[in-house]
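Have a look at the structure below before the remarks.
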Amino acid sequence: MGTPTIAPHSFLKRRWKLPESVADSRQLDSLSRSLGRHPLTTRLLLARNLNNPESARQFLEPQFKNILPPRSIPGLEACADLVARAITSKEKITIYGDYDVDGITGTTMLHRLLKAASADFDTYIPHRIDEGYGLSIDAVKDIARRGARLLLTVDCGITAVEAVQAGRDAGMTIVITDHHEYKAPLPPAHAIAHPRLHGSTTGNTDLCGAAVAYKLVWAVAARLCGSDKLTPTYRDMLIDFTALTALATIADVVPLLDENRILVSYGLKQLSRSNMAGIQALIRVAKFENRSIDGTAVGFSLAPRLNAAGRMGHANMAVELLTTEDAARADELAEYLETKNKERQNTERKITAEAIAFVRQMPQLPSALVLCQQHWHPGVAGIVAARLVDHFNRPAFVLIDNGHTISGSGRSVPGFALHEAIAHCRDLLISGGGHAAAAGIKMHTAQLAAFTRKLCDYTAQSQPADALIPCLDIDEELEPCDIDCQAFSELETLAPFGCGNTKPKFLIRNVQVAAPPRRMGARGTHVALQLKINDRRCRAVGFGLGDAEPLLTVGMMLDLVVHASVSHYYQQPQAELRIIDFSRSDGRPVHGETTAADAADSVLMKL
Ligand SMILES: [Mn+2]
């Protein structure tokens, strides 16, 4: 039995996927009453399997006291012992972090800890393009030559068997903290902290790399204080670091449930009141001063600016931003990131447009996309691949031809494991690996055609045909009586939204267009509608759906997929629907001359 889907001729040409079951009304009433919440909120809680008052309350009111202690991460105590010992015996420590937000923030926390403890230390972040991901033998040897006695990794190292051996051979103590997937054998490090070490399933197995670093800071601080009761300096540090942990937890797209939800709830509040000069400067250039910072602000504004350093320049600049105490220097670095981020956006937009044009020229849309150019920028390959996946709903690789070799990144659709596809094509590759959703590969230029063929055959065989039509997952169906300002504003208590806890999407059927639709925004990008739902009027806005305006006429009956929102535009707050997609209630196609592909194109270009 599958989840019910309906395939309306919707504006975005999506399959609408409805929730599997409807809540039992007795259970709904009793939970609603004991929580004192609107039935709409309660229905969503039940759909998230929060079916008793206790688990629902823990979700609705995240408590810091429910953060798990450092020892809940396998191997972390041993790592903390080694780091604390190196600090007190003044051995030189090198922190080796990854170049993404997760690595940058984790490195920042350990940097700040070691500085507060007057340790002898420095940091090393590999260059994304020149050195690539992870711990390399060359870098490790170089770090040993520069006198480090302890090498401490953040968000990398769990698969670096040879590099760790090289570090040991050079006489260093090696401490690995990571959260990436790995297969035996483990690297021969002196200590390893990993949420799923030796297949462990206790504790929080979904921690990001920076959250592991956060727990390490906590455990080392306890050792330096000689007690689990930390001195005010370290206590304040741990509170402040929830902001950095929240950035990484959102940016690394781990589920925002359980402990991660607590870390993010606290961290988002801490971000706007942070004393860190770099955080303040970053918030300023992203124009979030005096505004509340939510998951979307982090995911679409703050995190991309930090990542831009590694993509278009060097991630060291982002670490310097987050570790400097000098406000003027912080401003300068934030401006630098701003420039790099604009550069990234322009590059990404240009390559995405080129890539889409290449796909459109193909006589037939293949089951997987493999695009390769010499002049494309490797720093944005992954994001462009993600854009192609959004656009064409199939796995996509964006590759750069370096002459003799080709390398780049791939992204996948839900349900298609990219790392398995890569394993299947292993004989044609120099190297390759990653997760189900994202991966990197490298091959000899001569293998490109063979790789493309083999990947497409594999994808076509292992994907059901309808999997290539994009889905829109709907949380609940809205009844007219649910359209209520109070109920809609209460839904905010389910935030922060993100991976594992997406912003609720509702289906509402049979609403009537009550007045001529209006285009909004400087370029007419958006559309505003007055709807008649039973006897009531309700405003609806479709951001990016301006091109729907000519398709909508007064009296037309629509089915909508929406976010529930509250507008503060009027004197009284009002319930408002944010349209994601729509179709005609009579089942007729909404598109006249415009093709669905054109509609999807125009939406994409405005993002
Ligand atoms: Mn990570």
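Each chain of the structure tokens is named A, B, ... in the order shown, its residues numbered from 1; ligands are numbered from 1 in display order.
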**Report entry** Shell of 12 Å around A:Leu35, only C-alpha atoms, local chain residues under 6 positions omitted, as a ChimeraX atom specification
**Finding:** /A:28-29,41-42,45,50-61
List as a PDB file with N, CA and C atoms, in the first residue's frame the protein and nucleic acid residues lying within 6 Å of ligand 1, with only C-alpha atoms and all ligand atoms counted.
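Below is the file that was written, pocket.pdb:
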```pdb
ATOM      1  N   ASP A 102      29.653  23.517   8.552  1.00  0.00           N
ATOM      2  CA  ASP A 102      29.801  22.565   9.652  1.00  0.00           C
ATOM      3  C   ASP A 102      31.252  22.568  10.168  1.00  0.00           C
ATOM      4  N   ASP A 155      34.708  17.372  11.692  1.00  0.00           N
ATOM      5  CA  ASP A 155      33.848  17.126  10.537  1.00  0.00           C
ATOM      6  C   ASP A 155      34.571  16.419   9.388  1.00  0.00           C
ATOM      7  N   CYS A 208      25.456  16.766  13.734  1.00  0.00           N
ATOM      8  CA  CYS A 208      26.369  17.234  12.689  1.00  0.00           C
ATOM      9  C   CYS A 208      27.781  17.315  13.282  1.00  0.00           C
ATOM     10  N   GLY A 209      28.758  17.594  12.443  1.00  0.00           N
ATOM     11  CA  GLY A 209      30.148  17.620  12.884  1.00  0.00           C
ATOM     12  C   GLY A 209      30.414  18.693  13.931  1.00  0.00           C
ATOM     13  N   ASP A 252      24.020  21.753   7.512  1.00  0.00           N
ATOM     14  CA  ASP A 252      24.407  20.381   7.161  1.00  0.00           C
ATOM     15  C   ASP A 252      23.194  19.489   6.884  1.00  0.00           C
TER      16      ASP A 252
END
```
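Atom pair atom CA of A:Ile6 / atom CA of A:Leu545 has a distance of 21.3 Å (rounded to one decimal).
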Query raised in the report: What lies within 9 Å of stretch 495-499 of chain A using only C-alpha atoms, ignoring chain neighbours under 6 positions off, as number ranges by chain?
Result: A: 60, 250, 253-257, 261, 264-265, 268, 294-296, 299
Selected residues, N, CA and C atoms, written as a compact mmCIF listing (two decimals), in the first residue's frame, please.
```
# COMPACT_ATOMS: atom_id res chain seq x y z
N LEU A 60 7.11 20.81 21.64
CA LEU A 60 6.62 22.20 21.59
C LEU A 60 7.47 23.14 22.45
N ILE A 250 21.63 23.39 10.77
CA ILE A 250 20.74 23.73 9.67
C ILE A 250 21.47 23.56 8.33
N VAL A 253 21.99 20.07 7.00
CA VAL A 253 20.74 19.37 6.67
C VAL A 253 20.58 18.05 7.42
N VAL A 254 20.83 18.08 8.75
CA VAL A 254 20.50 16.92 9.57
C VAL A 254 19.08 17.15 10.14
N PRO A 255 18.36 16.09 10.53
CA PRO A 255 16.97 16.28 10.97
C PRO A 255 16.86 17.21 12.19
N LEU A 256 15.94 18.15 12.12
CA LEU A 256 15.76 19.10 13.22
C LEU A 256 14.75 18.54 14.22
N LEU A 257 15.06 17.36 14.75
CA LEU A 257 14.19 16.70 15.72
C LEU A 257 15.00 16.41 16.98
N ARG A 261 16.75 19.64 17.52
CA ARG A 261 15.72 20.68 17.61
C ARG A 261 15.98 21.60 18.80
N VAL A 264 19.01 23.85 17.96
CA VAL A 264 18.66 24.87 16.97
C VAL A 264 17.71 25.92 17.58
N SER A 265 16.74 25.48 18.39
CA SER A 265 15.83 26.46 19.01
C SER A 265 16.60 27.46 19.86
N LEU A 268 19.23 29.62 17.57
CA LEU A 268 18.66 30.68 16.73
C LEU A 268 18.42 31.94 17.57
N ASP A 294 15.38 32.89 11.68
CA ASP A 294 14.82 31.54 11.69
C ASP A 294 15.64 30.62 10.79
N GLY A 295 15.15 29.40 10.64
CA GLY A 295 15.87 28.41 9.86
C GLY A 295 16.10 28.86 8.42
N THR A 296 15.11 29.54 7.86
CA THR A 296 15.23 30.01 6.48
C THR A 296 16.32 31.07 6.37
N GLY A 299 19.54 29.13 6.47
CA GLY A 299 19.73 28.29 5.29
C GLY A 299 19.95 29.07 4.01
```
Query - Residues within 12 Å of A:His38, only C-alpha atoms, excluding chain neighbours under 3 positions, as a ChimeraX atom specification - result: /A:28-35,41-45,481-491,493
**Report entry** Filtered DSSP result for stretch 532-568 of chain A, state strand (DSSP E or B), as a ChimeraX atom specification
**Finding:** /A:532-533,536-542,557-567
Please produce a file of the residues just selected, as a PDB file, in the first residue's frame, where the atoms kept are C-alpha atoms.
```
ATOM      1  CA  LYS A 532     -14.157  32.924  -1.413  1.00  0.00           C
ATOM      2  CA  ILE A 533     -14.169  29.897   0.853  1.00  0.00           C
ATOM      3  CA  ARG A 536     -15.817  33.858   3.866  1.00  0.00           C
ATOM      4  CA  ARG A 537     -13.190  35.843   2.057  1.00  0.00           C
ATOM      5  CA  CYS A 538      -9.495  35.072   2.407  1.00  0.00           C
ATOM      6  CA  ARG A 539      -6.383  36.601   0.898  1.00  0.00           C
ATOM      7  CA  ALA A 540      -3.832  34.379  -0.823  1.00  0.00           C
ATOM      8  CA  VAL A 541      -0.388  35.201  -2.193  1.00  0.00           C
ATOM      9  CA  GLY A 542       1.709  33.169  -4.586  1.00  0.00           C
ATOM     10  CA  MET A 557     -12.834  27.012  -8.617  1.00  0.00           C
ATOM     11  CA  LEU A 558      -9.361  25.994  -7.437  1.00  0.00           C
ATOM     12  CA  ASP A 559      -7.642  23.378  -5.307  1.00  0.00           C
ATOM     13  CA  LEU A 560      -4.616  24.878  -3.593  1.00  0.00           C
ATOM     14  CA  VAL A 561      -1.501  23.626  -1.854  1.00  0.00           C
ATOM     15  CA  VAL A 562      -0.557  26.319   0.658  1.00  0.00           C
ATOM     16  CA  HIS A 563       1.447  27.336   3.692  1.00  0.00           C
ATOM     17  CA  ALA A 564      -0.672  28.857   6.445  1.00  0.00           C
ATOM     18  CA  SER A 565       0.484  32.342   7.312  1.00  0.00           C
ATOM     19  CA  VAL A 566      -0.541  35.432   9.268  1.00  0.00           C
ATOM     20  CA  SER A 567      -0.420  38.832   7.607  1.00  0.00           C
TER      21      SER A 567
END
```
List every residue of stretch 302-500 of chain A that DSSP, applied to the backbone, labels as alpha helix (DSSP H), and write the result as a short mmCIF file (atom, residue, chain, number, x, y, z; two decimals) with C-alpha atoms, in the first residue's frame.
```
data_model
loop_
_atom_site.label_atom_id
_atom_site.label_comp_id
_atom_site.auth_asym_id
_atom_site.auth_seq_id
_atom_site.Cartn_x
_atom_site.Cartn_y
_atom_site.Cartn_z
CA ALA A 303 25.12 29.83 5.78
CA PRO A 304 25.63 30.58 2.05
CA ARG A 305 27.78 33.61 2.96
CA LEU A 306 30.01 31.47 5.18
CA ASN A 307 30.19 28.76 2.52
CA ALA A 308 31.06 31.30 -0.17
CA ALA A 309 34.51 31.69 1.37
CA GLY A 310 35.42 28.06 0.65
CA ARG A 311 33.63 27.93 -2.70
CA MET A 312 35.11 31.07 -4.27
CA ASN A 316 40.13 30.38 6.40
CA MET A 317 38.50 33.78 5.94
CA ALA A 318 35.24 32.51 7.41
CA VAL A 319 37.06 31.00 10.40
CA GLU A 320 38.88 34.29 10.92
CA LEU A 321 35.53 36.13 10.79
CA LEU A 322 34.06 33.92 13.50
CA THR A 323 37.13 34.00 15.74
CA ALA A 327 34.98 44.59 15.21
CA ALA A 328 36.63 46.51 12.34
CA ARG A 329 38.33 43.36 11.04
CA ALA A 330 35.02 41.48 11.37
CA ASP A 331 33.28 44.09 9.23
CA GLU A 332 36.01 43.85 6.62
CA LEU A 333 35.77 40.04 6.51
CA ALA A 334 31.96 40.10 6.40
CA GLU A 335 32.16 42.46 3.41
CA TYR A 336 34.63 40.09 1.79
CA LEU A 337 32.17 37.20 2.26
CA GLU A 338 29.42 39.39 0.84
CA THR A 339 31.48 39.93 -2.33
CA LYS A 340 32.33 36.24 -2.57
CA ASN A 341 28.69 35.31 -2.11
CA LYS A 342 27.60 37.65 -4.93
CA GLU A 343 30.32 36.13 -7.08
CA ARG A 344 29.01 32.68 -6.18
CA GLN A 345 25.42 33.67 -7.06
CA ASN A 346 26.40 35.08 -10.43
CA THR A 347 28.56 32.11 -11.28
CA GLU A 348 25.87 29.70 -10.16
CA ARG A 349 23.15 31.50 -12.15
CA LYS A 350 25.27 31.56 -15.31
CA ILE A 351 26.26 27.91 -15.15
CA THR A 352 22.72 26.82 -14.24
CA ALA A 353 21.33 28.63 -17.29
CA GLU A 354 23.99 27.05 -19.52
CA ALA A 355 23.37 23.60 -18.08
CA ILE A 356 19.58 23.89 -18.53
CA ALA A 357 20.12 24.99 -22.14
CA PHE A 358 22.30 21.92 -22.76
CA VAL A 359 19.62 19.63 -21.36
CA ARG A 360 16.92 21.29 -23.49
CA GLN A 361 18.98 20.55 -26.62
CA ALA A 381 29.28 22.31 -9.18
CA GLY A 382 27.26 20.83 -6.30
CA ILE A 383 24.77 23.71 -6.10
CA VAL A 384 24.23 23.72 -9.85
CA ALA A 385 23.66 19.95 -9.75
CA ALA A 386 21.06 20.55 -7.02
CA ARG A 387 19.35 23.15 -9.24
CA LEU A 388 19.20 20.66 -12.11
CA VAL A 389 17.67 18.05 -9.79
CA ASP A 390 15.00 20.57 -8.72
CA HIS A 391 14.35 21.41 -12.32
CA PHE A 392 14.33 18.01 -14.00
CA LEU A 418 23.94 8.19 -5.44
CA HIS A 419 26.79 6.46 -3.59
CA GLU A 420 25.41 3.11 -4.78
CA ALA A 421 25.21 4.35 -8.37
CA ILE A 422 28.84 5.44 -8.06
CA ALA A 423 29.83 2.05 -6.66
CA HIS A 424 28.12 0.49 -9.70
CA LEU A 448 33.04 10.36 -19.79
CA ALA A 449 30.84 8.80 -22.49
CA ALA A 450 31.07 5.33 -20.96
CA PHE A 451 30.27 6.67 -17.49
CA THR A 452 27.26 8.61 -18.76
CA ARG A 453 25.88 5.54 -20.51
CA LYS A 454 26.44 3.22 -17.56
CA LEU A 455 24.89 5.68 -15.09
CA CYS A 456 21.83 6.28 -17.26
CA ASP A 457 21.25 2.54 -17.77
CA TYR A 458 21.56 1.96 -14.03
CA THR A 459 19.19 4.83 -13.20
CA ALA A 460 16.60 3.73 -15.77
CA GLN A 461 16.65 0.19 -14.37
CA SER A 462 16.42 1.10 -10.72
CA CYS A 485 -5.77 33.63 12.47
CA GLN A 486 -5.32 32.14 15.93
CA ALA A 487 -4.79 28.63 14.55
CA PHE A 488 -2.36 29.84 11.90
CA SER A 489 -0.23 31.82 14.35
CA GLU A 490 -0.13 28.84 16.72
#
```
**Report entry** Best match for closeness to A:Thr324 among A:Ile283, A:Ser227, A:Asn393, A:Lys115, counting only C-alpha atoms
**Finding:**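 Closest to A:Thr324 of all the choices is A:Lys115.
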Requested in this report: Please provide the set of residues having any atom within 12 Å of A:Leu551, restricted to only C-alpha atoms, with same-chain residues fewer than 4 positions apart removed, written as a PyMOL selection string.
Outcome: chain A and resi 10-11+513+516-518+527+545-547+556+558+582-584+589-594+599
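Atom pair atom CA of A:Pro480 / atom CA of A:Arg37: separated by 18.3 Å.
The smallest atom-to-atom distance between A:Ser367 and any of A:Ala139, A:Val413, A:Val511, A:Leu238, using only C-alpha atoms, is found for A:Val413.
Restricting the calculation to only C-alpha atoms, the smallest distance between A:Ile176 and any of A:Ala368, A:Ala86, A:Leu244, A:Leu76 is found for A:Leu76.
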